[in-house]
Amino acid sequence: MKNTTSQNGFTLIELVIIMVILGVLAAVAVPRLGSTIDSSEASAEEAVIANLRSALEIYAMDKVVENSSKSYPNNPFDALDDKSKNELLSGNWSFEPCVIYHTRNDGTVKSWMYECWAIIDGGLENPNYGVIMDLETWLAQFE
């Protein structure tokens with residue numbers, strides 16, 4: 001009589017090899033995914049800051065039309081429409097006098113300086129009035 005037993009399925013060695021291959025692929029893919037998330041978050045931050053800069057210039061031009069004097073709000077988020085302002089400030093964005101903060105998903109905080117003073121020490125006009133710049137750039141001007 002013929003022995004017609006057939007084996008369906010994979011051997012233990014084949015399964016172990018597949019597990020090793022999947023482990024190597026995961027080890028390569030996970031760090032790349034992390035850097036992609038970081039770069040996308042940085043891009044989103046720059047988009048928000050660019051929108052704030054645009055809104056501030058529109059606000060300043062409206063003030064020129066109103067009273068012939070270019071001025072900026074003390075809080076840069078006041079230059080946005082109420083819906084945008086509320087969405088940002090109820091999320092991970094915050095503002096304290098002259099500093100804009102964004103808390104990233106990993107818990108780190110990115111900061112930008114907002115030059116909210118028209119007049120600086122000694123009664124001089126602030127040449128950066130209304131400007132938003134990242135904290136590192138702002139600090140570098142004092143070195």
# chains A, B, ... in the order shown; residues from 1 in each chain; ligands from 1
$ residues_around --residues "range 121-137 of chain A" --least-positions-apart "5" --cutoff "8 Å" --atoms "only C-alpha atoms" --output "MDAnalysis selection string"
chainID A and resid 49 53 56 71:72 111:116
$ select_by_dssp --residues "chain A" --states "helix (DSSP H, G or I)" --output "ChimeraX atom specification"
/A:12-67,76-79,82-89,121-123,135-140
$ write_last_selection --atoms "C-alpha atoms" --output "compact mmCIF listing (two decimals), in the first residue's frame"
# COMPACT_ATOMS: atom_id res chain seq x y z
CA LEU A 12 9.43 25.20 12.59
CA ILE A 13 12.62 26.29 10.80
CA GLU A 14 10.64 28.06 8.09
CA LEU A 15 8.59 29.93 10.71
CA VAL A 16 11.72 30.97 12.61
CA ILE A 17 13.32 32.29 9.41
CA ILE A 18 10.19 34.33 8.62
CA MET A 19 10.20 35.75 12.18
CA VAL A 20 13.86 36.78 11.84
CA ILE A 21 13.20 38.49 8.50
CA LEU A 22 10.22 40.39 9.95
CA GLY A 23 12.32 41.42 12.96
CA VAL A 24 15.07 42.82 10.73
CA LEU A 25 12.53 44.73 8.64
CA ALA A 26 10.93 46.19 11.77
CA ALA A 27 14.32 47.21 13.18
CA VAL A 28 15.03 49.15 9.98
CA ALA A 29 11.56 50.69 9.53
CA VAL A 30 10.81 51.95 13.07
CA PRO A 31 13.66 54.53 13.32
CA ARG A 32 12.79 55.89 9.90
CA LEU A 33 9.16 56.23 10.91
CA GLY A 34 10.19 58.20 14.01
CA SER A 35 12.23 60.70 12.00
CA THR A 36 9.36 61.07 9.52
CA ILE A 37 6.99 61.96 12.36
CA ASP A 38 9.47 64.51 13.75
CA SER A 39 9.97 66.18 10.39
CA SER A 40 6.23 66.32 9.70
CA GLU A 41 5.64 67.93 13.09
CA ALA A 42 8.36 70.51 12.40
CA SER A 43 6.77 71.25 9.01
CA ALA A 44 3.37 71.73 10.64
CA GLU A 45 4.93 74.11 13.19
CA GLU A 46 6.52 76.19 10.44
CA ALA A 47 3.17 76.35 8.64
CA VAL A 48 1.48 77.70 11.78
CA ILE A 49 4.27 80.26 12.32
CA ALA A 50 4.05 81.34 8.66
CA ASN A 51 0.29 81.83 9.05
CA LEU A 52 0.87 83.85 12.22
CA ARG A 53 3.41 86.05 10.40
CA SER A 54 0.95 86.67 7.56
CA ALA A 55 -1.90 87.40 9.96
CA LEU A 56 0.31 89.87 11.87
CA GLU A 57 1.17 91.79 8.71
CA ILE A 58 -2.50 91.96 7.72
CA TYR A 59 -3.34 93.16 11.24
CA ALA A 60 -0.61 95.83 11.06
CA MET A 61 -1.83 97.06 7.67
CA ASP A 62 -5.39 97.27 9.02
CA LYS A 63 -4.03 99.45 11.85
CA VAL A 64 -2.32 101.71 9.30
CA VAL A 65 -5.64 102.20 7.55
CA GLU A 66 -7.46 102.82 10.85
CA ASN A 67 -5.07 105.26 12.51
CA PRO A 76 0.17 87.34 18.06
CA PHE A 77 -2.77 84.92 18.19
CA ASP A 78 -5.09 87.95 18.37
CA ALA A 79 -4.27 88.59 14.71
CA ASP A 82 -11.42 83.45 16.45
CA LYS A 83 -11.82 79.88 15.17
CA SER A 84 -8.11 79.47 14.34
CA LYS A 85 -7.05 81.17 17.55
CA ASN A 86 -9.25 78.92 19.70
CA GLU A 87 -8.15 75.74 17.90
CA LEU A 88 -4.46 76.53 18.35
CA LEU A 89 -4.61 77.79 21.92
CA ASP A 121 15.48 100.37 26.31
CA GLY A 122 16.56 103.97 25.99
CA GLY A 123 13.43 104.94 24.07
CA LEU A 135 14.49 81.17 19.99
CA GLU A 136 17.97 80.08 18.80
CA THR A 137 18.07 82.80 16.13
CA TRP A 138 16.83 85.40 18.59
CA LEU A 139 19.50 84.47 21.16
CA ALA A 140 22.26 84.47 18.52
$ select_by_dssp --residues "range 7-136 of chain A" --states "strand (DSSP E or B)" --output "list in words"
Trp93, Ser94, Phe95, Glu96, Val99, Ile100, Tyr101, His102, Thr103, Val109, Lys110, Ser111, Trp112, Met113, Tyr114, Ile119, Ile120, Leu124, Glu125, Ile132, Met133 and Asp134 of chain A
$ closest_residue --among "A:Asn105, A:Asn74, A:Gln141, A:Asn8" --to "Trp93 in chain A" --atoms "only C-alpha atoms"
A:Asn105
$ decode --residues "chain A" --atoms "C-alpha atoms" --output "PDB file, in the first residue's frame"
ATOM      1  CA  MET A   1       0.000   0.000   0.000  1.00  0.00           C
ATOM      2  CA  LYS A   2       1.040   3.513  -0.774  1.00  0.00           C
ATOM      3  CA  ASN A   3       1.710   5.949   2.051  1.00  0.00           C
ATOM      4  CA  THR A   4      -0.178   9.103   0.988  1.00  0.00           C
ATOM      5  CA  THR A   5       0.256  11.279   4.007  1.00  0.00           C
ATOM      6  CA  SER A   6       0.756  14.892   3.029  1.00  0.00           C
ATOM      7  CA  GLN A   7       2.089  17.581   5.259  1.00  0.00           C
ATOM      8  CA  ASN A   8       0.225  20.852   5.130  1.00  0.00           C
ATOM      9  CA  GLY A   9       1.814  23.893   6.757  1.00  0.00           C
ATOM     10  CA  PHE A  10       5.288  25.188   7.515  1.00  0.00           C
ATOM     11  CA  THR A  11       8.104  23.608   9.438  1.00  0.00           C
ATOM     12  CA  LEU A  12       9.432  25.201  12.591  1.00  0.00           C
ATOM     13  CA  ILE A  13      12.624  26.289  10.803  1.00  0.00           C
ATOM     14  CA  GLU A  14      10.640  28.064   8.090  1.00  0.00           C
ATOM     15  CA  LEU A  15       8.594  29.930  10.712  1.00  0.00           C
ATOM     16  CA  VAL A  16      11.724  30.974  12.615  1.00  0.00           C
ATOM     17  CA  ILE A  17      13.322  32.288   9.407  1.00  0.00           C
ATOM     18  CA  ILE A  18      10.195  34.332   8.620  1.00  0.00           C
ATOM     19  CA  MET A  19      10.201  35.751  12.185  1.00  0.00           C
ATOM     20  CA  VAL A  20      13.862  36.776  11.839  1.00  0.00           C
ATOM     21  CA  ILE A  21      13.202  38.491   8.501  1.00  0.00           C
ATOM     22  CA  LEU A  22      10.220  40.385   9.950  1.00  0.00           C
ATOM     23  CA  GLY A  23      12.318  41.420  12.963  1.00  0.00           C
ATOM     24  CA  VAL A  24      15.068  42.817  10.727  1.00  0.00           C
ATOM     25  CA  LEU A  25      12.529  44.732   8.644  1.00  0.00           C
ATOM     26  CA  ALA A  26      10.926  46.190  11.773  1.00  0.00           C
ATOM     27  CA  ALA A  27      14.316  47.211  13.175  1.00  0.00           C
ATOM     28  CA  VAL A  28      15.035  49.153   9.979  1.00  0.00           C
ATOM     29  CA  ALA A  29      11.565  50.691   9.534  1.00  0.00           C
ATOM     30  CA  VAL A  30      10.810  51.945  13.069  1.00  0.00           C
ATOM     31  CA  PRO A  31      13.658  54.531  13.325  1.00  0.00           C
ATOM     32  CA  ARG A  32      12.792  55.890   9.895  1.00  0.00           C
ATOM     33  CA  LEU A  33       9.156  56.235  10.912  1.00  0.00           C
ATOM     34  CA  GLY A  34      10.189  58.198  14.006  1.00  0.00           C
ATOM     35  CA  SER A  35      12.225  60.701  11.997  1.00  0.00           C
ATOM     36  CA  THR A  36       9.359  61.074   9.518  1.00  0.00           C
ATOM     37  CA  ILE A  37       6.989  61.959  12.356  1.00  0.00           C
ATOM     38  CA  ASP A  38       9.467  64.505  13.751  1.00  0.00           C
ATOM     39  CA  SER A  39       9.971  66.176  10.385  1.00  0.00           C
ATOM     40  CA  SER A  40       6.225  66.323   9.701  1.00  0.00           C
ATOM     41  CA  GLU A  41       5.640  67.930  13.093  1.00  0.00           C
ATOM     42  CA  ALA A  42       8.365  70.511  12.404  1.00  0.00           C
ATOM     43  CA  SER A  43       6.769  71.253   9.014  1.00  0.00           C
ATOM     44  CA  ALA A  44       3.371  71.730  10.644  1.00  0.00           C
ATOM     45  CA  GLU A  45       4.926  74.112  13.193  1.00  0.00           C
ATOM     46  CA  GLU A  46       6.521  76.186  10.444  1.00  0.00           C
ATOM     47  CA  ALA A  47       3.167  76.352   8.642  1.00  0.00           C
ATOM     48  CA  VAL A  48       1.475  77.703  11.780  1.00  0.00           C
ATOM     49  CA  ILE A  49       4.266  80.258  12.319  1.00  0.00           C
ATOM     50  CA  ALA A  50       4.048  81.337   8.662  1.00  0.00           C
ATOM     51  CA  ASN A  51       0.288  81.829   9.054  1.00  0.00           C
ATOM     52  CA  LEU A  52       0.873  83.854  12.220  1.00  0.00           C
ATOM     53  CA  ARG A  53       3.411  86.052  10.402  1.00  0.00           C
ATOM     54  CA  SER A  54       0.946  86.667   7.557  1.00  0.00           C
ATOM     55  CA  ALA A  55      -1.895  87.405   9.955  1.00  0.00           C
ATOM     56  CA  LEU A  56       0.312  89.865  11.875  1.00  0.00           C
ATOM     57  CA  GLU A  57       1.165  91.793   8.714  1.00  0.00           C
ATOM     58  CA  ILE A  58      -2.502  91.964   7.721  1.00  0.00           C
ATOM     59  CA  TYR A  59      -3.342  93.162  11.242  1.00  0.00           C
ATOM     60  CA  ALA A  60      -0.610  95.834  11.059  1.00  0.00           C
ATOM     61  CA  MET A  61      -1.831  97.064   7.671  1.00  0.00           C
ATOM     62  CA  ASP A  62      -5.390  97.274   9.020  1.00  0.00           C
ATOM     63  CA  LYS A  63      -4.033  99.445  11.850  1.00  0.00           C
ATOM     64  CA  VAL A  64      -2.317 101.711   9.305  1.00  0.00           C
ATOM     65  CA  VAL A  65      -5.639 102.200   7.545  1.00  0.00           C
ATOM     66  CA  GLU A  66      -7.455 102.822  10.851  1.00  0.00           C
ATOM     67  CA  ASN A  67      -5.069 105.260  12.511  1.00  0.00           C
ATOM     68  CA  SER A  68      -2.090 105.874  10.193  1.00  0.00           C
ATOM     69  CA  SER A  69       0.231 103.987  12.509  1.00  0.00           C
ATOM     70  CA  LYS A  70       1.574 100.480  12.034  1.00  0.00           C
ATOM     71  CA  SER A  71       1.098  98.454  15.201  1.00  0.00           C
ATOM     72  CA  TYR A  72       0.931  94.813  16.218  1.00  0.00           C
ATOM     73  CA  PRO A  73      -1.107  93.069  18.924  1.00  0.00           C
ATOM     74  CA  ASN A  74       0.551  92.131  22.220  1.00  0.00           C
ATOM     75  CA  ASN A  75      -0.566  88.527  21.626  1.00  0.00           C
ATOM     76  CA  PRO A  76       0.174  87.338  18.059  1.00  0.00           C
ATOM     77  CA  PHE A  77      -2.766  84.921  18.189  1.00  0.00           C
ATOM     78  CA  ASP A  78      -5.090  87.947  18.374  1.00  0.00           C
ATOM     79  CA  ALA A  79      -4.266  88.595  14.709  1.00  0.00           C
ATOM     80  CA  LEU A  80      -5.970  85.309  13.760  1.00  0.00           C
ATOM     81  CA  ASP A  81      -9.674  84.734  13.313  1.00  0.00           C
ATOM     82  CA  ASP A  82     -11.424  83.446  16.447  1.00  0.00           C
ATOM     83  CA  LYS A  83     -11.823  79.882  15.175  1.00  0.00           C
ATOM     84  CA  SER A  84      -8.113  79.472  14.341  1.00  0.00           C
ATOM     85  CA  LYS A  85      -7.046  81.171  17.553  1.00  0.00           C
ATOM     86  CA  ASN A  86      -9.251  78.917  19.697  1.00  0.00           C
ATOM     87  CA  GLU A  87      -8.151  75.742  17.901  1.00  0.00           C
ATOM     88  CA  LEU A  88      -4.455  76.528  18.345  1.00  0.00           C
ATOM     89  CA  LEU A  89      -4.610  77.789  21.925  1.00  0.00           C
ATOM     90  CA  SER A  90      -6.843  74.926  23.084  1.00  0.00           C
ATOM     91  CA  GLY A  91      -4.351  72.473  21.569  1.00  0.00           C
ATOM     92  CA  ASN A  92      -0.588  72.307  22.043  1.00  0.00           C
ATOM     93  CA  TRP A  93       0.133  76.006  21.387  1.00  0.00           C
ATOM     94  CA  SER A  94       0.486  78.666  24.066  1.00  0.00           C
ATOM     95  CA  PHE A  95       1.684  82.226  24.470  1.00  0.00           C
ATOM     96  CA  GLU A  96       3.295  84.113  27.312  1.00  0.00           C
ATOM     97  CA  PRO A  97       4.486  87.689  26.913  1.00  0.00           C
ATOM     98  CA  CYS A  98       6.722  87.742  23.848  1.00  0.00           C
ATOM     99  CA  VAL A  99       7.183  83.944  23.635  1.00  0.00           C
ATOM    100  CA  ILE A 100       5.193  81.441  21.557  1.00  0.00           C
ATOM    101  CA  TYR A 101       5.349  77.788  22.647  1.00  0.00           C
ATOM    102  CA  HIS A 102       4.399  74.547  20.959  1.00  0.00           C
ATOM    103  CA  THR A 103       4.448  71.302  22.913  1.00  0.00           C
ATOM    104  CA  ARG A 104       5.233  68.450  20.542  1.00  0.00           C
ATOM    105  CA  ASN A 105       3.747  64.979  20.766  1.00  0.00           C
ATOM    106  CA  ASP A 106       6.946  63.640  22.357  1.00  0.00           C
ATOM    107  CA  GLY A 107       6.713  66.246  25.145  1.00  0.00           C
ATOM    108  CA  THR A 108       9.481  68.554  23.911  1.00  0.00           C
ATOM    109  CA  VAL A 109       8.725  72.265  23.625  1.00  0.00           C
ATOM    110  CA  LYS A 110       9.692  74.465  20.669  1.00  0.00           C
ATOM    111  CA  SER A 111       9.819  78.227  21.314  1.00  0.00           C
ATOM    112  CA  TRP A 112       9.706  81.372  19.163  1.00  0.00           C
ATOM    113  CA  MET A 113      10.265  84.941  20.242  1.00  0.00           C
ATOM    114  CA  TYR A 114       7.651  87.493  19.263  1.00  0.00           C
ATOM    115  CA  GLU A 115       8.944  91.053  19.340  1.00  0.00           C
ATOM    116  CA  CYS A 116       5.906  92.666  20.924  1.00  0.00           C
ATOM    117  CA  TRP A 117       7.541  95.901  22.095  1.00  0.00           C
ATOM    118  CA  ALA A 118       7.606  98.880  19.741  1.00  0.00           C
ATOM    119  CA  ILE A 119      10.021 100.784  21.974  1.00  0.00           C
ATOM    120  CA  ILE A 120      13.055  99.183  23.616  1.00  0.00           C
ATOM    121  CA  ASP A 121      15.478 100.367  26.307  1.00  0.00           C
ATOM    122  CA  GLY A 122      16.562 103.966  25.986  1.00  0.00           C
ATOM    123  CA  GLY A 123      13.431 104.940  24.068  1.00  0.00           C
ATOM    124  CA  LEU A 124      14.747 103.474  20.808  1.00  0.00           C
ATOM    125  CA  GLU A 125      12.395 102.107  18.226  1.00  0.00           C
ATOM    126  CA  ASN A 126      12.572  98.293  18.034  1.00  0.00           C
ATOM    127  CA  PRO A 127      13.629  97.358  14.467  1.00  0.00           C
ATOM    128  CA  ASN A 128      12.234  93.828  14.969  1.00  0.00           C
ATOM    129  CA  TYR A 129       8.825  94.977  16.208  1.00  0.00           C
ATOM    130  CA  GLY A 130       6.184  92.429  15.135  1.00  0.00           C
ATOM    131  CA  VAL A 131       8.758  89.819  14.053  1.00  0.00           C
ATOM    132  CA  ILE A 132       8.542  86.140  15.026  1.00  0.00           C
ATOM    133  CA  MET A 133      11.832  84.230  15.087  1.00  0.00           C
ATOM    134  CA  ASP A 134      12.884  80.922  16.587  1.00  0.00           C
ATOM    135  CA  LEU A 135      14.492  81.170  19.992  1.00  0.00           C
ATOM    136  CA  GLU A 136      17.966  80.080  18.804  1.00  0.00           C
ATOM    137  CA  THR A 137      18.069  82.796  16.135  1.00  0.00           C
ATOM    138  CA  TRP A 138      16.825  85.402  18.586  1.00  0.00           C
ATOM    139  CA  LEU A 139      19.495  84.473  21.164  1.00  0.00           C
ATOM    140  CA  ALA A 140      22.259  84.467  18.515  1.00  0.00           C
ATOM    141  CA  GLN A 141      21.809  88.197  17.899  1.00  0.00           C
ATOM    142  CA  PHE A 142      23.075  88.876  21.433  1.00  0.00           C
ATOM    143  CA  GLU A 143      26.285  86.847  21.163  1.00  0.00           C
TER     144      GLU A 143
END
